[in-house]
Amino acid sequence: MDTLTPLPVRPAGPLRRAAAARVALWLDRRRAPEPDGPTAGPVLGLAGAADAVQDLLPPALENRSSGQLTAHGIRVVGPVHGGAGHRRLMRRLLSEASSASPAARPTAIEYCVPAVDALVDARLDQVGGWEAKAMRSRAGIAGAHLLYDMHRRELASPQWTEAVACGAAAPRLLWSTRPGAGPDRGADLARRLLLPGTAVALSPRSLESFARHGVVTGPTVPDLAEAHRVVGVLDWFGIRLDDLDSPAG
């Protein structure tokens, strides 16, 4: 090979890719520590991963009575499992933003990818057959990409545009990868959720696994074609993501 031949540009690693996409990485310590993980933190094996953490979801016992708050005071609401729950929460948040209530602190709407996968996979198992089995663990990511597109369009509505212009904080989406996802699975979910303006909550071990991977090629835009394909197949099985959120959610 000619030594003067330019080499192809190597895609950015996961931490740089997340930063370039304006994705906030949060450390999720709400649940019990992993068996082989740290017990107090953030104490991470990789200094780069620790430096990348922008906020902390503290253990449940440390959450205040006013609701689930991050270390930086961001209110976490939800979780939602699909568009129906998201629409209800956005209506509530818009009502708060339009009132004189003191709920002006930044808000994150949580969407738990493993929880959506678990709910849909249970229904696919009831359907049975290899076709249904082939769709397992696909709903969470597909639903996240559709929810991201819905969220952007909602924030662009005249109502939210006016509320933000009057000083309201626009809510962001928070992708959480626990419970139900081990370190490598959590890291894989994070790599598939690098959508600009969102946050990804990872356990300490998942964050380390995420940081170790050499390259991330995407996505930084929602893959709506694939998401609609997955949803269309699930509809054929009689499974609708909107049905995952109860009316009280």
# chains A, B, ... in the order shown; residues from 1 in each chain; ligands from 1
>>> residues_around(residues="range 79-86 of chain A", least_positions_apart="5", cutoff="7 Å", atoms="only C-alpha atoms", output="number ranges by chain")
A: 109-112, 116, 143, 147, 241-242, 244-245, 249
>>> residues_around(residues="Gly238 in chain A", least_positions_apart="3", cutoff="10 Å", atoms="only C-alpha atoms", output="JSON, numbers by chain")
{"A": [123, 124, 127, 232, 233, 234, 235]}
>>> closest_residue(among="A:Ser157, A:Thr107, A:Ser95, A:Thr70", to="Ala170 in chain A", atoms="only C-alpha atoms")
A:Thr107
>>> closest_residue(among="A:Leu119, A:Ala225, A:Ala187, A:Ala201", to="Arg29 in chain A", atoms="only C-alpha atoms")
A:Ala201
>>> residues_around(residues="Arg91 in chain A", least_positions_apart="5", cutoff="12 Å", atoms="only C-alpha atoms", output="short mmCIF file (atom, residue, chain, number, x, y, z; two decimals) with N, CA and C atoms, in the first residue's frame")
data_model
loop_
_atom_site.label_atom_id
_atom_site.label_comp_id
_atom_site.auth_asym_id
_atom_site.auth_seq_id
_atom_site.Cartn_x
_atom_site.Cartn_y
_atom_site.Cartn_z
N ALA A 84 -48.80 6.72 23.92
CA ALA A 84 -49.96 7.11 24.73
C ALA A 84 -49.52 7.71 26.07
N GLY A 85 -48.60 7.03 26.74
CA GLY A 85 -48.11 7.56 28.02
C GLY A 85 -47.36 8.87 27.84
N HIS A 86 -46.61 8.98 26.75
CA HIS A 86 -45.87 10.21 26.48
C HIS A 86 -46.84 11.37 26.26
N GLU A 96 -48.52 22.36 33.63
CA GLU A 96 -47.68 22.91 34.69
C GLU A 96 -46.90 24.13 34.19
N ALA A 97 -46.38 24.02 32.97
CA ALA A 97 -45.58 25.11 32.43
C ALA A 97 -46.42 26.35 32.18
N SER A 98 -47.70 26.15 31.89
CA SER A 98 -48.59 27.28 31.58
C SER A 98 -49.17 27.92 32.83
N HIS A 151 -41.62 13.22 20.14
CA HIS A 151 -41.24 14.24 21.13
C HIS A 151 -40.77 15.51 20.43
N GLU A 154 -43.76 17.30 19.06
CA GLU A 154 -44.57 17.90 20.13
C GLU A 154 -43.94 19.21 20.61
N LEU A 155 -42.63 19.21 20.77
CA LEU A 155 -41.95 20.43 21.24
C LEU A 155 -41.99 21.54 20.19
N GLN A 159 -48.08 25.37 21.10
CA GLN A 159 -48.26 25.44 22.55
C GLN A 159 -46.92 25.36 23.28
N TRP A 160 -46.09 24.39 22.88
CA TRP A 160 -44.81 24.25 23.56
C TRP A 160 -43.85 25.37 23.15
N PRO A 171 -38.99 19.62 28.30
CA PRO A 171 -38.57 18.31 28.83
C PRO A 171 -37.71 17.57 27.83
#
>>> residues_around(residues="range 129-136 of chain A", least_positions_apart="5", cutoff="8 Å", atoms="only C-alpha atoms", output="list in words")
Asp117, Val120, Asp121, Leu124, Val230, Leu234 and Phe237 of chain A
>>> residues_around(residues="range 15-19 of chain A", least_positions_apart="4", cutoff="8 Å", atoms="only C-alpha atoms", output="PyMOL selection string")
chain A and resi 23-25+49+52+194+210-211+216
>>> select_by_dssp(residues="range 15-233 of chain A", states="alpha helix (DSSP H)", output="ChimeraX atom specification")
/A:15-20,47-52,83-98,113-127,130-133,139-155,158-165,183-191,204-212,224-233
>>> closest_residue(among="A:Arg192, A:Arg178, A:Arg240, A:Arg229", to="Ser206 in chain A", atoms="only C-alpha atoms")
A:Arg178
>>> closest_residue(among="A:Ala144, A:Val53, A:Ala115, A:Ala108", to="Leu174 in chain A", atoms="only C-alpha atoms")
A:Ala108
>>> residues_around(residues="Pro59 in chain A", least_positions_apart="6", cutoff="9 Å", atoms="only C-alpha atoms", output="number ranges by chain")
A: 28-32
>>> write_last_selection(atoms="N, CA, C and O atoms", output="mmCIF file, in the first residue's frame")
data_model
loop_
_atom_site.group_PDB
_atom_site.id
_atom_site.type_symbol
_atom_site.label_atom_id
_atom_site.label_comp_id
_atom_site.auth_asym_id
_atom_site.auth_seq_id
_atom_site.Cartn_x
_atom_site.Cartn_y
_atom_site.Cartn_z
ATOM 1 N N ASP A 28 -26.752 5.465 36.566
ATOM 2 C CA ASP A 28 -28.000 5.008 37.185
ATOM 3 C C ASP A 28 -27.671 4.136 38.397
ATOM 4 O O ASP A 28 -27.240 3.003 38.263
ATOM 5 N N ARG A 29 -27.894 4.697 39.590
ATOM 6 C CA ARG A 29 -27.636 3.950 40.825
ATOM 7 C C ARG A 29 -28.909 3.771 41.641
ATOM 8 O O ARG A 29 -28.870 3.629 42.854
ATOM 9 N N ARG A 30 -30.062 3.762 40.952
ATOM 10 C CA ARG A 30 -31.339 3.665 41.658
ATOM 11 C C ARG A 30 -31.582 2.287 42.245
ATOM 12 O O ARG A 30 -32.332 2.141 43.198
ATOM 13 N N ARG A 31 -30.971 1.267 41.649
ATOM 14 C CA ARG A 31 -31.238 -0.100 42.098
ATOM 15 C C ARG A 31 -30.009 -0.689 42.762
ATOM 16 O O ARG A 31 -28.963 -0.062 42.824
ATOM 17 N N ALA A 32 -30.146 -1.899 43.249
ATOM 18 C CA ALA A 32 -29.048 -2.538 43.966
ATOM 19 C C ALA A 32 -27.817 -2.637 43.073
ATOM 20 O O ALA A 32 -27.934 -2.840 41.867
#
>>> atom_distance(atom1="CA of Leu224 in chain A", atom2="CA of Ala165 in chain A")
29.2 Å
>>> closest_residue(among="A:Pro114, A:Pro204, A:Gly186, A:Gly197", to="Leu56 in chain A", atoms="only C-alpha atoms")
A:Pro204
>>> atom_distance(atom1="CA of Ser209 in chain A", atom2="CA of Ala190 in chain A")
10.2 Å
>>> residues_around(residues="Leu146 in chain A", least_positions_apart="5", cutoff="8 Å", atoms="only C-alpha atoms", output="PDB file with N, CA and C atoms, in the first residue's frame")
ATOM      1  N   PRO A 222     -32.956   9.203  14.188  1.00  0.00           N
ATOM      2  CA  PRO A 222     -33.849   8.054  14.389  1.00  0.00           C
ATOM      3  C   PRO A 222     -34.007   7.245  13.111  1.00  0.00           C
ATOM      4  N   LEU A 224     -36.476   5.679  11.488  1.00  0.00           N
ATOM      5  CA  LEU A 224     -37.929   5.566  11.500  1.00  0.00           C
ATOM      6  C   LEU A 224     -38.425   4.464  10.575  1.00  0.00           C
ATOM      7  N   ALA A 227     -38.079   1.315  12.525  1.00  0.00           N
ATOM      8  CA  ALA A 227     -39.021   1.344  13.652  1.00  0.00           C
ATOM      9  C   ALA A 227     -40.442   1.056  13.189  1.00  0.00           C
ATOM     10  N   HIS A 228     -40.854   1.668  12.082  1.00  0.00           N
ATOM     11  CA  HIS A 228     -42.199   1.415  11.561  1.00  0.00           C
ATOM     12  C   HIS A 228     -42.345  -0.027  11.082  1.00  0.00           C
TER      13      HIS A 228
END
>>> atom_distance(atom1="CA of Thr198 in chain A", atom2="CA of Ala142 in chain A")
15.7 Å
>>> select_by_dssp(residues="range 17-224 of chain A", states="strand (DSSP E)", output="number ranges by chain")
A: 24-28, 53-57, 68-69, 75-80, 107-112, 172-176, 199-202
>>> write_last_selection(atoms="N, CA and C atoms", output="mmCIF file, in the first residue's frame")
data_model
loop_
_atom_site.group_PDB
_atom_site.id
_atom_site.type_symbol
_atom_site.label_atom_id
_atom_site.label_comp_id
_atom_site.auth_asym_id
_atom_site.auth_seq_id
_atom_site.Cartn_x
_atom_site.Cartn_y
_atom_site.Cartn_z
ATOM 1 N N ALA A 24 -26.429 13.184 26.791
ATOM 2 C CA ALA A 24 -25.909 13.197 28.149
ATOM 3 C C ALA A 24 -25.862 11.771 28.689
ATOM 4 N N LEU A 25 -24.729 11.371 29.253
ATOM 5 C CA LEU A 25 -24.603 10.065 29.890
ATOM 6 C C LEU A 25 -24.801 10.226 31.389
ATOM 7 N N TRP A 26 -25.774 9.510 31.918
ATOM 8 C CA TRP A 26 -26.073 9.558 33.343
ATOM 9 C C TRP A 26 -25.729 8.222 33.978
ATOM 10 N N LEU A 27 -25.298 8.267 35.212
ATOM 11 C CA LEU A 27 -25.031 7.055 35.979
ATOM 12 C C LEU A 27 -26.292 6.686 36.755
ATOM 13 N N ASP A 28 -26.752 5.465 36.566
ATOM 14 C CA ASP A 28 -28.000 5.008 37.185
ATOM 15 C C ASP A 28 -27.671 4.136 38.397
ATOM 16 N N VAL A 53 -19.626 11.166 32.799
ATOM 17 C CA VAL A 53 -20.901 11.201 33.511
ATOM 18 C C VAL A 53 -21.314 12.649 33.757
ATOM 19 N N GLN A 54 -22.527 12.979 33.342
ATOM 20 C CA GLN A 54 -23.014 14.346 33.483
ATOM 21 C C GLN A 54 -24.057 14.505 34.575
ATOM 22 N N ASP A 55 -24.633 13.394 35.030
ATOM 23 C CA ASP A 55 -25.607 13.472 36.116
ATOM 24 C C ASP A 55 -25.727 12.100 36.749
ATOM 25 N N LEU A 56 -26.382 12.056 37.902
ATOM 26 C CA LEU A 56 -26.480 10.824 38.676
ATOM 27 C C LEU A 56 -27.918 10.604 39.116
ATOM 28 N N LEU A 57 -28.424 9.402 38.876
ATOM 29 C CA LEU A 57 -29.708 8.984 39.434
ATOM 30 C C LEU A 57 -29.402 8.243 40.727
ATOM 31 N N GLN A 68 -38.714 11.860 42.035
ATOM 32 C CA GLN A 68 -37.415 11.337 41.666
ATOM 33 C C GLN A 68 -36.568 12.456 41.069
ATOM 34 N N LEU A 69 -35.476 12.783 41.751
ATOM 35 C CA LEU A 69 -34.615 13.872 41.313
ATOM 36 C C LEU A 69 -33.206 13.349 41.073
ATOM 37 N N ARG A 75 -35.956 16.735 37.500
ATOM 38 C CA ARG A 75 -37.071 15.872 37.892
ATOM 39 C C ARG A 75 -37.278 14.800 36.833
ATOM 40 N N VAL A 76 -37.324 13.541 37.247
ATOM 41 C CA VAL A 76 -37.541 12.421 36.340
ATOM 42 C C VAL A 76 -38.971 11.935 36.510
ATOM 43 N N VAL A 77 -39.738 11.932 35.418
ATOM 44 C CA VAL A 77 -41.133 11.501 35.452
ATOM 45 C C VAL A 77 -41.293 10.289 34.547
ATOM 46 N N GLY A 78 -42.361 9.549 34.772
ATOM 47 C CA GLY A 78 -42.600 8.327 34.017
ATOM 48 C C GLY A 78 -42.341 7.125 34.908
ATOM 49 N N PRO A 79 -41.919 6.001 34.338
ATOM 50 C CA PRO A 79 -41.567 5.835 32.924
ATOM 51 C C PRO A 79 -42.793 5.696 32.029
ATOM 52 N N VAL A 80 -42.594 5.984 30.751
ATOM 53 C CA VAL A 80 -43.614 5.720 29.743
ATOM 54 C C VAL A 80 -43.125 4.556 28.885
ATOM 55 N N THR A 107 -37.056 18.845 33.428
ATOM 56 C CA THR A 107 -37.739 17.559 33.548
ATOM 57 C C THR A 107 -37.234 16.595 32.486
ATOM 58 N N ALA A 108 -37.117 15.342 32.865
ATOM 59 C CA ALA A 108 -36.767 14.278 31.927
ATOM 60 C C ALA A 108 -37.868 13.219 31.965
ATOM 61 N N ILE A 109 -38.319 12.811 30.791
ATOM 62 C CA ILE A 109 -39.340 11.764 30.676
ATOM 63 C C ILE A 109 -38.623 10.442 30.425
ATOM 64 N N GLU A 110 -38.775 9.520 31.351
ATOM 65 C CA GLU A 110 -38.045 8.253 31.261
ATOM 66 C C GLU A 110 -38.769 7.239 30.384
ATOM 67 N N TYR A 111 -37.993 6.581 29.539
ATOM 68 C CA TYR A 111 -38.463 5.466 28.718
ATOM 69 C C TYR A 111 -37.488 4.330 28.965
ATOM 70 N N CYS A 112 -37.967 3.246 29.576
ATOM 71 C CA CYS A 112 -37.101 2.126 29.952
ATOM 72 C C CYS A 112 -37.139 1.077 28.849
ATOM 73 N N ARG A 172 -36.797 16.762 28.342
ATOM 74 C CA ARG A 172 -35.971 15.919 27.481
ATOM 75 C C ARG A 172 -36.349 14.456 27.710
ATOM 76 N N LEU A 173 -35.935 13.606 26.795
ATOM 77 C CA LEU A 173 -36.171 12.174 26.932
ATOM 78 C C LEU A 173 -34.967 11.528 27.608
ATOM 79 N N LEU A 174 -35.258 10.606 28.512
ATOM 80 C CA LEU A 174 -34.230 9.843 29.217
ATOM 81 C C LEU A 174 -34.402 8.370 28.875
ATOM 82 N N TRP A 175 -33.404 7.789 28.222
ATOM 83 C CA TRP A 175 -33.421 6.359 27.925
ATOM 84 C C TRP A 175 -32.753 5.623 29.077
ATOM 85 N N SER A 176 -33.467 4.724 29.735
ATOM 86 C CA SER A 176 -32.849 3.944 30.803
ATOM 87 C C SER A 176 -32.683 2.499 30.357
ATOM 88 N N ALA A 199 -30.855 11.881 26.998
ATOM 89 C CA ALA A 199 -29.918 11.371 28.002
ATOM 90 C C ALA A 199 -30.059 9.851 28.067
ATOM 91 N N VAL A 200 -28.946 9.179 28.350
ATOM 92 C CA VAL A 200 -28.944 7.725 28.499
ATOM 93 C C VAL A 200 -28.454 7.399 29.901
ATOM 94 N N ALA A 201 -29.270 6.664 30.657
ATOM 95 C CA ALA A 201 -28.911 6.275 32.018
ATOM 96 C C ALA A 201 -28.344 4.861 32.003
ATOM 97 N N LEU A 202 -27.113 4.708 32.475
ATOM 98 C CA LEU A 202 -26.418 3.427 32.463
ATOM 99 C C LEU A 202 -25.954 3.062 33.866
#
>>> closest_residue(among="A:Thr161, A:Thr177, A:Thr220, A:Ser137", to="Leu94 in chain A", atoms="only C-alpha atoms")
A:Thr161
>>> decode(residues="range 169-202 of chain A", atoms="N, CA, C and O atoms", output="short mmCIF file (atom, residue, chain, number, x, y, z; two decimals), in the first residue's frame")
data_model
loop_
_atom_site.label_atom_id
_atom_site.label_comp_id
_atom_site.auth_asym_id
_atom_site.auth_seq_id
_atom_site.Cartn_x
_atom_site.Cartn_y
_atom_site.Cartn_z
N ALA A 169 -39.02 25.19 30.84
CA ALA A 169 -37.94 24.30 30.43
C ALA A 169 -38.53 23.16 29.60
O ALA A 169 -39.41 22.45 30.07
N ALA A 170 -38.05 22.99 28.38
CA ALA A 170 -38.54 21.90 27.54
C ALA A 170 -38.08 20.56 28.11
O ALA A 170 -36.89 20.39 28.40
N PRO A 171 -38.99 19.62 28.30
CA PRO A 171 -38.57 18.31 28.83
C PRO A 171 -37.71 17.57 27.83
O PRO A 171 -37.86 17.72 26.62
N ARG A 172 -36.80 16.76 28.34
CA ARG A 172 -35.97 15.92 27.48
C ARG A 172 -36.35 14.46 27.71
O ARG A 172 -37.01 14.13 28.69
N LEU A 173 -35.94 13.61 26.80
CA LEU A 173 -36.17 12.17 26.93
C LEU A 173 -34.97 11.53 27.61
O LEU A 173 -33.81 11.86 27.32
N LEU A 174 -35.26 10.61 28.51
CA LEU A 174 -34.23 9.84 29.22
C LEU A 174 -34.40 8.37 28.87
O LEU A 174 -35.44 7.77 29.17
N TRP A 175 -33.40 7.79 28.22
CA TRP A 175 -33.42 6.36 27.92
C TRP A 175 -32.75 5.62 29.08
O TRP A 175 -31.58 5.88 29.38
N SER A 176 -33.47 4.72 29.73
CA SER A 176 -32.85 3.94 30.80
C SER A 176 -32.68 2.50 30.36
O SER A 176 -33.49 1.98 29.59
N THR A 177 -31.62 1.87 30.82
CA THR A 177 -31.26 0.52 30.37
C THR A 177 -31.35 -0.51 31.48
O THR A 177 -30.88 -1.64 31.32
N ARG A 178 -31.92 -0.16 32.60
CA ARG A 178 -32.13 -1.10 33.69
C ARG A 178 -33.58 -1.04 34.11
O ARG A 178 -34.23 -0.02 33.92
N PRO A 179 -34.15 -2.09 34.72
CA PRO A 179 -33.53 -3.38 35.00
C PRO A 179 -33.62 -4.30 33.79
O PRO A 179 -34.25 -3.96 32.79
N GLY A 180 -33.02 -5.47 33.91
CA GLY A 180 -33.18 -6.49 32.89
C GLY A 180 -32.11 -6.50 31.84
O GLY A 180 -32.11 -7.35 30.96
N ALA A 181 -31.16 -5.57 31.89
CA ALA A 181 -30.09 -5.55 30.90
C ALA A 181 -28.75 -5.62 31.62
O ALA A 181 -28.44 -4.78 32.46
N GLY A 182 -27.95 -6.64 31.30
CA GLY A 182 -26.62 -6.74 31.85
C GLY A 182 -25.71 -5.69 31.27
O GLY A 182 -26.10 -4.90 30.41
N PRO A 183 -24.43 -5.66 31.73
CA PRO A 183 -23.52 -4.60 31.27
C PRO A 183 -23.38 -4.51 29.76
O PRO A 183 -23.47 -3.42 29.19
N ASP A 184 -23.17 -5.64 29.09
CA ASP A 184 -22.98 -5.59 27.64
C ASP A 184 -24.27 -5.21 26.92
O ASP A 184 -24.24 -4.47 25.93
N ARG A 185 -25.39 -5.73 27.39
CA ARG A 185 -26.67 -5.38 26.78
C ARG A 185 -26.97 -3.90 27.01
O ARG A 185 -27.44 -3.19 26.10
N GLY A 186 -26.69 -3.41 28.20
CA GLY A 186 -26.90 -1.98 28.47
C GLY A 186 -26.05 -1.12 27.57
O GLY A 186 -26.51 -0.09 27.04
N ALA A 187 -24.79 -1.52 27.35
CA ALA A 187 -23.91 -0.76 26.47
C ALA A 187 -24.41 -0.80 25.03
O ALA A 187 -24.36 0.20 24.32
N ASP A 188 -24.92 -1.96 24.60
CA ASP A 188 -25.44 -2.08 23.24
C ASP A 188 -26.66 -1.17 23.05
O ASP A 188 -26.79 -0.51 22.02
N LEU A 189 -27.53 -1.13 24.04
CA LEU A 189 -28.70 -0.24 23.96
C LEU A 189 -28.24 1.21 23.86
O LEU A 189 -28.80 1.99 23.09
N ALA A 190 -27.25 1.57 24.66
CA ALA A 190 -26.78 2.95 24.65
C ALA A 190 -26.25 3.33 23.27
O ALA A 190 -26.50 4.43 22.78
N ARG A 191 -25.52 2.42 22.63
CA ARG A 191 -24.97 2.72 21.30
C ARG A 191 -26.07 2.94 20.27
O ARG A 191 -25.87 3.64 19.27
N ARG A 192 -27.24 2.37 20.52
CA ARG A 192 -28.34 2.49 19.57
C ARG A 192 -29.31 3.61 19.95
O ARG A 192 -30.35 3.77 19.32
N LEU A 193 -28.96 4.39 20.96
CA LEU A 193 -29.84 5.46 21.44
C LEU A 193 -29.14 6.81 21.49
O LEU A 193 -29.51 7.67 22.29
N LEU A 194 -28.14 6.99 20.65
CA LEU A 194 -27.41 8.26 20.65
C LEU A 194 -28.16 9.29 19.82
O LEU A 194 -27.71 9.73 18.76
N LEU A 195 -29.30 9.69 20.31
CA LEU A 195 -30.19 10.62 19.61
C LEU A 195 -30.04 12.01 20.24
O LEU A 195 -30.18 12.17 21.46
N PRO A 196 -29.73 13.02 19.45
CA PRO A 196 -29.37 14.34 19.97
C PRO A 196 -30.39 14.92 20.94
O PRO A 196 -31.60 14.83 20.73
N GLY A 197 -29.84 15.50 22.03
CA GLY A 197 -30.69 16.18 23.00
C GLY A 197 -31.29 15.28 24.04
O GLY A 197 -32.07 15.74 24.88
N THR A 198 -30.97 13.98 24.01
CA THR A 198 -31.52 13.04 24.99
C THR A 198 -30.45 12.69 26.02
O THR A 198 -29.31 13.12 25.94
N ALA A 199 -30.85 11.88 27.00
CA ALA A 199 -29.92 11.37 28.00
C ALA A 199 -30.06 9.85 28.07
O ALA A 199 -31.14 9.31 27.84
N VAL A 200 -28.95 9.18 28.35
CA VAL A 200 -28.94 7.73 28.50
C VAL A 200 -28.45 7.40 29.90
O VAL A 200 -27.37 7.84 30.31
N ALA A 201 -29.27 6.66 30.66
CA ALA A 201 -28.91 6.28 32.02
C ALA A 201 -28.34 4.86 32.00
O ALA A 201 -29.01 3.92 31.57
N LEU A 202 -27.11 4.71 32.48
CA LEU A 202 -26.42 3.43 32.46
C LEU A 202 -25.95 3.06 33.87
O LEU A 202 -25.54 3.93 34.64
#
